[in-house]
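Asker: Before I ask anything, let me first share the structure, which is written out below as structure tokens.
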Amino acid sequence: METKQPLKESSTNQVNETSDEDEWSLDNFEIGRPLGKGKFGNVYLAREIKSKFIIALKVLFKSQLQKCHMEHQLRREIEIQSHLRHPNVLRMYGYFYDETRIYLILEFAANGEMYKFLKRQPHGRFSEPQTANYMAQLADALMYCHAQKVIHRDIKPENLLLGIHGEIKIADFGWSVHAPSSRRTTMCGTLDYLAPEMVEGRSHDEHVDLWTLGILCYEFLVGSPPFEEEKQDLTYRRICKVDIRFPAHLSVGAKDLIAKLLRPKAEDRIPLKKLLEHPWIVMHLTEEVRSRLPSFQKVKSEKA
Ligand code: AMP
């Protein structure tokens with residue numbers, strides 16, 4: 001159990017900066033409207049009473065987690081997500097529990113689910129400039145995660161939330177792993193988003209996140225993932241062959257980036273740093289998004 005950490009966005013919101021070793025409990029929060037329902041419980045808007053800091057409180061039922069043997073996965077998710085600090089990674093401020101439930105104190109993503117937002121777009125897809133700006137945010141966040149030796153392994157619209165400025169927040173680290181130097185062979189992730197090395201049960205590393213970024217880029221621009229089929233084995237076969245078909249409306253630049261991410265050999269995929277320099281990204285990246293990306297801020301301060 002972690003000790004109570006201050007909930008903060010800026011110094012003015014800082015609370016509980018005491019040396020006490022107290023743990024969080026439900027008494028610290030006012031509970032507001034439900035934000036959504038998940039497989040293992042509900043998420044509520046909530047406010048920490050002392051600081052008035054708004055958060056999302058995820059309430060998970062121990063009995064349901066035990067039934068599905070998810071305790072280990074949740075422990076890993078908490079361990080990983082609570083240590084990550086990036087504007088495009090959903091913060092986990094802490095957690096606590098009682099007899100029957102586990103409570104996760106999460107950053108509130110004011111603009112909700114990416115999946116629903118995508119479905120609401122005309123033709124269920126985003127424009128190229130919008131997609132390029134999302135890709136840059138994801139590349140920046142994954143570059144940070146990989147530097148911390150964390151592989152997400154399950155990037156897809158369902159696992160992305162949107163912040164107050166419409167910025168991406170990677171959530172759900174349920175399938176992520178800490179990879180000190182090891183390569184894992186666990187089969188996980190959603191079928192449509194599985195990299196060839198995972199489909200074939202080979203070992204994999206952080207390059208799987210580059211593949212899933214390619215799938216996501218395609219889905220954002222087209223409205224459905226590239227290897228979607230009714231029958232699973234057909235999807236598997238198309239993944240292994242990288243049997244990709246581009247609709248006519250995609251630009252040369254967008255197709256070029258997707259093709260550079262969806263390479264069968266993991267080491268051939270375009271690295272995240274190069275993705276941020278890809279002409280299609282550079283031409284669409286807005287000043288507003290660029291100014292929020294930590295890797296660009298670093299470049300700026302190095303030049304100064
Ligand atoms: P989950 O159990 O993580 O699938 O969450 C269920 C639903 O609650 C999601 O689909 C979102 O609509 C909502 N939700 C979860 N976490 C947050 C958050 N941090 N901020 C805003 N809404 C959230």
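The way I read the labels, and the way they are meant: chains A, B, ... in the order of the structure tokens, residue 1 as the first residue of every chain, and ligand 1 as the first ligand shown, with later ones counted on from there.
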Which residues are close to range 256-271 of chain A, i.e. within 6 Å by only C-alpha atoms, leaving aside same-chain residues fewer than 2 positions away? Reply as a tab-separated table (two decimals) with N, CA, C and O atoms, in the first residue's frame.
Answerer:
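What ended up in result_11.tsv:
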chain	number	residue	atom	x	y	z
A	207	HIS	N	8.88	-3.02	-29.72
A	207	HIS	CA	8.49	-2.79	-31.13
A	207	HIS	C	7.02	-3.13	-31.39
A	207	HIS	O	6.47	-2.72	-32.40
A	210	LEU	N	4.95	-0.09	-31.78
A	210	LEU	CA	5.06	0.61	-33.07
A	210	LEU	C	4.04	0.03	-34.04
A	210	LEU	O	3.38	0.73	-34.79
A	211	TRP	N	3.92	-1.29	-34.03
A	211	TRP	CA	2.93	-1.95	-34.88
A	211	TRP	C	1.52	-1.45	-34.53
A	211	TRP	O	0.76	-1.04	-35.41
A	214	GLY	N	0.68	1.83	-35.85
A	214	GLY	CA	0.34	1.76	-37.28
A	214	GLY	C	-1.11	1.35	-37.48
A	214	GLY	O	-1.83	1.93	-38.31
A	253	GLY	N	1.55	10.66	-47.93
A	253	GLY	CA	2.27	10.78	-46.66
A	253	GLY	C	1.70	9.86	-45.58
A	253	GLY	O	2.46	9.20	-44.86
A	254	ALA	N	0.37	9.81	-45.47
A	254	ALA	CA	-0.27	8.96	-44.46
A	254	ALA	C	0.05	7.49	-44.75
A	254	ALA	O	0.39	6.72	-43.84
A	273	LYS	N	11.19	8.35	-32.52
A	273	LYS	CA	11.83	9.64	-32.72
A	273	LYS	C	11.73	10.05	-34.19
A	273	LYS	O	11.46	11.20	-34.52
A	274	LYS	N	11.91	9.06	-35.08
A	274	LYS	CA	11.81	9.32	-36.52
A	274	LYS	C	10.36	9.60	-36.92
A	274	LYS	O	10.10	10.36	-37.84
Asker: Pick out the residues no farther than 7 Å from ligand 1, counting only C-alpha atoms and all ligand atoms, and list them as a list in words.
Answerer: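 Final answer, ordered by chain and number: Leu35, Gly36, Lys37, Gly38, Lys39, Phe40, Gly41, Asn42, Val43, Ala56, Lys58, Leu90, Leu106, Glu107, Phe108, Ala109, Ala110, Gly112, Glu113 and Asp172 of chain A.
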Asker: What parts of range 152-256 of chain A does DSSP call strand (DSSP E)? I'd like the answer as a list in words.
Answerer: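 Checking each residue of range 152-256 of chain A, the strand (DSSP E) ones are Leu160, Leu161, Leu162, Ile168, Lys169, Ile170, Val177 and His178 of chain A.
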Asker: Residues within 8 Å of Tyr115 in chain A, please, as a list in words. Count only C-alpha atoms; anything in the same chain fewer than 4 positions from it doesn't count.
Answerer: Lys119, Pro157, Glu158 and Leu160 of chain A
Asker: Could you pull out all residues of range 190-229 of chain A with a DSSP call of helix (DSSP H, G or I) and give them as a VMD selection string?
Answerer: chain A and resid 191 to 193 196 to 199 207 to 222
Asker: Would you work out the distance separating CA of Pro226 in chain A from CA of Arg245 in chain A, expressed in Å to one decimal?
Answerer: 7.1 Å
Asker: Considering only C-alpha atoms, state which residue in the set A:Lys67, A:Lys50, A:Arg290, A:Lys62 is at the smallest distance from Glu167 in chain A.
Answerer: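 Closest candidate: A:Arg290.
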Asker: Can you list, as a list of chain:residue names, every protein, DNA or RNA residue that comes within 10 Å of Arg85 in chain A when you count only C-alpha atoms, leaving out same-chain residues fewer than 4 positions away?
Answerer: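 Answer for this query is A:Gln81, A:Val89, A:Leu90, A:Arg91, A:Met92, A:Ala141, A:Tyr144, A:Cys145.
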Asker: Restrict the selected residues to N, CA and C atoms and save them as a PDB file, in the first residue's frame.
Answerer:
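Produced file again.pdb, reproduced below:
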ATOM      1  N   GLN A  81       1.381   2.151 -13.734  1.00  0.00           N
ATOM      2  CA  GLN A  81       0.740   3.433 -14.052  1.00  0.00           C
ATOM      3  C   GLN A  81       1.014   4.501 -12.995  1.00  0.00           C
ATOM      4  N   VAL A  89      -0.217  10.463 -20.694  1.00  0.00           N
ATOM      5  CA  VAL A  89      -0.449   9.195 -19.977  1.00  0.00           C
ATOM      6  C   VAL A  89      -1.331   9.531 -18.778  1.00  0.00           C
ATOM      7  N   LEU A  90      -2.456   8.857 -18.643  1.00  0.00           N
ATOM      8  CA  LEU A  90      -3.385   9.142 -17.543  1.00  0.00           C
ATOM      9  C   LEU A  90      -2.690   8.899 -16.200  1.00  0.00           C
ATOM     10  N   ARG A  91      -2.693   9.919 -15.339  1.00  0.00           N
ATOM     11  CA  ARG A  91      -2.036   9.779 -14.040  1.00  0.00           C
ATOM     12  C   ARG A  91      -2.846   8.884 -13.100  1.00  0.00           C
ATOM     13  N   MET A  92      -2.141   8.083 -12.344  1.00  0.00           N
ATOM     14  CA  MET A  92      -2.775   7.375 -11.236  1.00  0.00           C
ATOM     15  C   MET A  92      -2.150   7.948  -9.970  1.00  0.00           C
ATOM     16  N   ALA A 141       4.435   9.972 -25.905  1.00  0.00           N
ATOM     17  CA  ALA A 141       4.119   9.235 -24.668  1.00  0.00           C
ATOM     18  C   ALA A 141       4.785   7.862 -24.659  1.00  0.00           C
ATOM     19  N   TYR A 144       8.466   7.983 -23.983  1.00  0.00           N
ATOM     20  CA  TYR A 144       8.691   8.105 -22.536  1.00  0.00           C
ATOM     21  C   TYR A 144       8.510   6.742 -21.842  1.00  0.00           C
ATOM     22  N   CYS A 145       7.424   6.042 -22.160  1.00  0.00           N
ATOM     23  CA  CYS A 145       7.161   4.728 -21.529  1.00  0.00           C
ATOM     24  C   CYS A 145       8.318   3.766 -21.822  1.00  0.00           C
TER      25      CYS A 145
END
Asker: Pick out the closest residue to Ser82 in chain A from this set: A:Leu26, A:Ala171, A:Ala147, A:Met198. Count only C-alpha atoms.
Answerer: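 Looking only at the distances to Ser82 in chain A, the closest residue turns out to be A:Ala171.
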Asker: Tell me, as an mmCIF file with N, CA, C and O atoms, in the first residue's frame, which residues lie within 8 Å of Asn133 in chain A, counting only C-alpha atoms; anything in the same chain fewer than 2 positions away does not count.
Answerer:
data_model
loop_
_atom_site.group_PDB
_atom_site.id
_atom_site.type_symbol
_atom_site.label_atom_id
_atom_site.label_comp_id
_atom_site.auth_asym_id
_atom_site.auth_seq_id
_atom_site.Cartn_x
_atom_site.Cartn_y
_atom_site.Cartn_z
ATOM 1 N N PRO A 129 -5.017 15.856 -40.607
ATOM 2 C CA PRO A 129 -4.333 16.701 -39.618
ATOM 3 C C PRO A 129 -4.624 16.259 -38.169
ATOM 4 O O PRO A 129 -3.728 16.197 -37.340
ATOM 5 N N GLN A 130 -5.879 15.931 -37.896
ATOM 6 C CA GLN A 130 -6.234 15.521 -36.537
ATOM 7 C C GLN A 130 -5.499 14.233 -36.149
ATOM 8 O O GLN A 130 -4.949 14.117 -35.056
ATOM 9 N N THR A 131 -5.482 13.278 -37.081
ATOM 10 C CA THR A 131 -4.806 12.003 -36.813
ATOM 11 C C THR A 131 -3.315 12.221 -36.582
ATOM 12 O O THR A 131 -2.737 11.647 -35.654
ATOM 13 N N MET A 135 -1.135 11.086 -33.406
ATOM 14 C CA MET A 135 0.029 10.188 -33.540
ATOM 15 C C MET A 135 1.257 10.781 -32.847
ATOM 16 O O MET A 135 2.009 10.069 -32.189
ATOM 17 N N ALA A 136 1.442 12.100 -33.001
ATOM 18 C CA ALA A 136 2.600 12.752 -32.374
ATOM 19 C C ALA A 136 2.513 12.627 -30.845
ATOM 20 O O ALA A 136 3.508 12.327 -30.180
ATOM 21 N N GLN A 137 1.314 12.815 -30.300
ATOM 22 C CA GLN A 137 1.143 12.704 -28.836
ATOM 23 C C GLN A 137 1.418 11.278 -28.364
ATOM 24 O O GLN A 137 2.067 11.058 -27.334
ATOM 25 N N ILE A 281 3.779 14.040 -40.387
ATOM 26 C CA ILE A 281 3.528 14.516 -39.018
ATOM 27 C C ILE A 281 3.913 15.993 -38.927
ATOM 28 O O ILE A 281 3.129 16.833 -38.463
ATOM 29 N N HIS A 284 1.502 18.550 -40.378
ATOM 30 C CA HIS A 284 0.196 18.730 -39.737
ATOM 31 C C HIS A 284 0.254 19.142 -38.271
ATOM 32 O O HIS A 284 -0.754 19.593 -37.717
ATOM 33 N N LEU A 285 1.407 18.956 -37.633
ATOM 34 C CA LEU A 285 1.502 19.210 -36.195
ATOM 35 C C LEU A 285 1.226 20.684 -35.882
ATOM 36 O O LEU A 285 1.876 21.569 -36.426
ATOM 37 N N THR A 286 0.259 20.938 -35.014
ATOM 38 C CA THR A 286 -0.072 22.335 -34.683
ATOM 39 C C THR A 286 0.870 22.840 -33.584
ATOM 40 O O THR A 286 1.422 22.050 -32.822
ATOM 41 N N VAL A 289 -0.322 21.710 -30.066
ATOM 42 C CA VAL A 289 0.030 20.336 -29.659
ATOM 43 C C VAL A 289 1.531 20.230 -29.436
ATOM 44 O O VAL A 289 1.988 19.679 -28.438
#
Asker: Between A:Pro34, A:Gly124, A:Gly94, A:Pro279, single out the one closest to Leu221 in chain A, counting only C-alpha atoms.
Answerer: A:Gly124
Asker: Kindly indicate which residue among A:Leu118, A:Leu213, A:Leu293, A:Val252 lies nearest to Ala195 in chain A, using only C-alpha atoms for the distances.
Answerer: A:Leu213
Asker: Tell me which of A:Ser251, A:Val177, A:Asn88, A:Tyr44 sits closest to Gly163 in chain A, counting only C-alpha atoms.
Answerer: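 Smallest distance to Gly163 in chain A is found for A:Asn88.
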Asker: Just how far from CA of Leu65 in chain A is CA of Gly174 in chain A, in Å to one decimal?
Answerer: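 So the two atoms, CA of Gly174 in chain A and CA of Leu65 in chain A, lie 12.5 Å apart.
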Asker: In Å, rounded to a single decimal, give me how far CA of Leu142 in chain A is from CA of Val208 in chain A.
Answerer: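 CA of Leu142 in chain A lies 11.2 Å from CA of Val208 in chain A.
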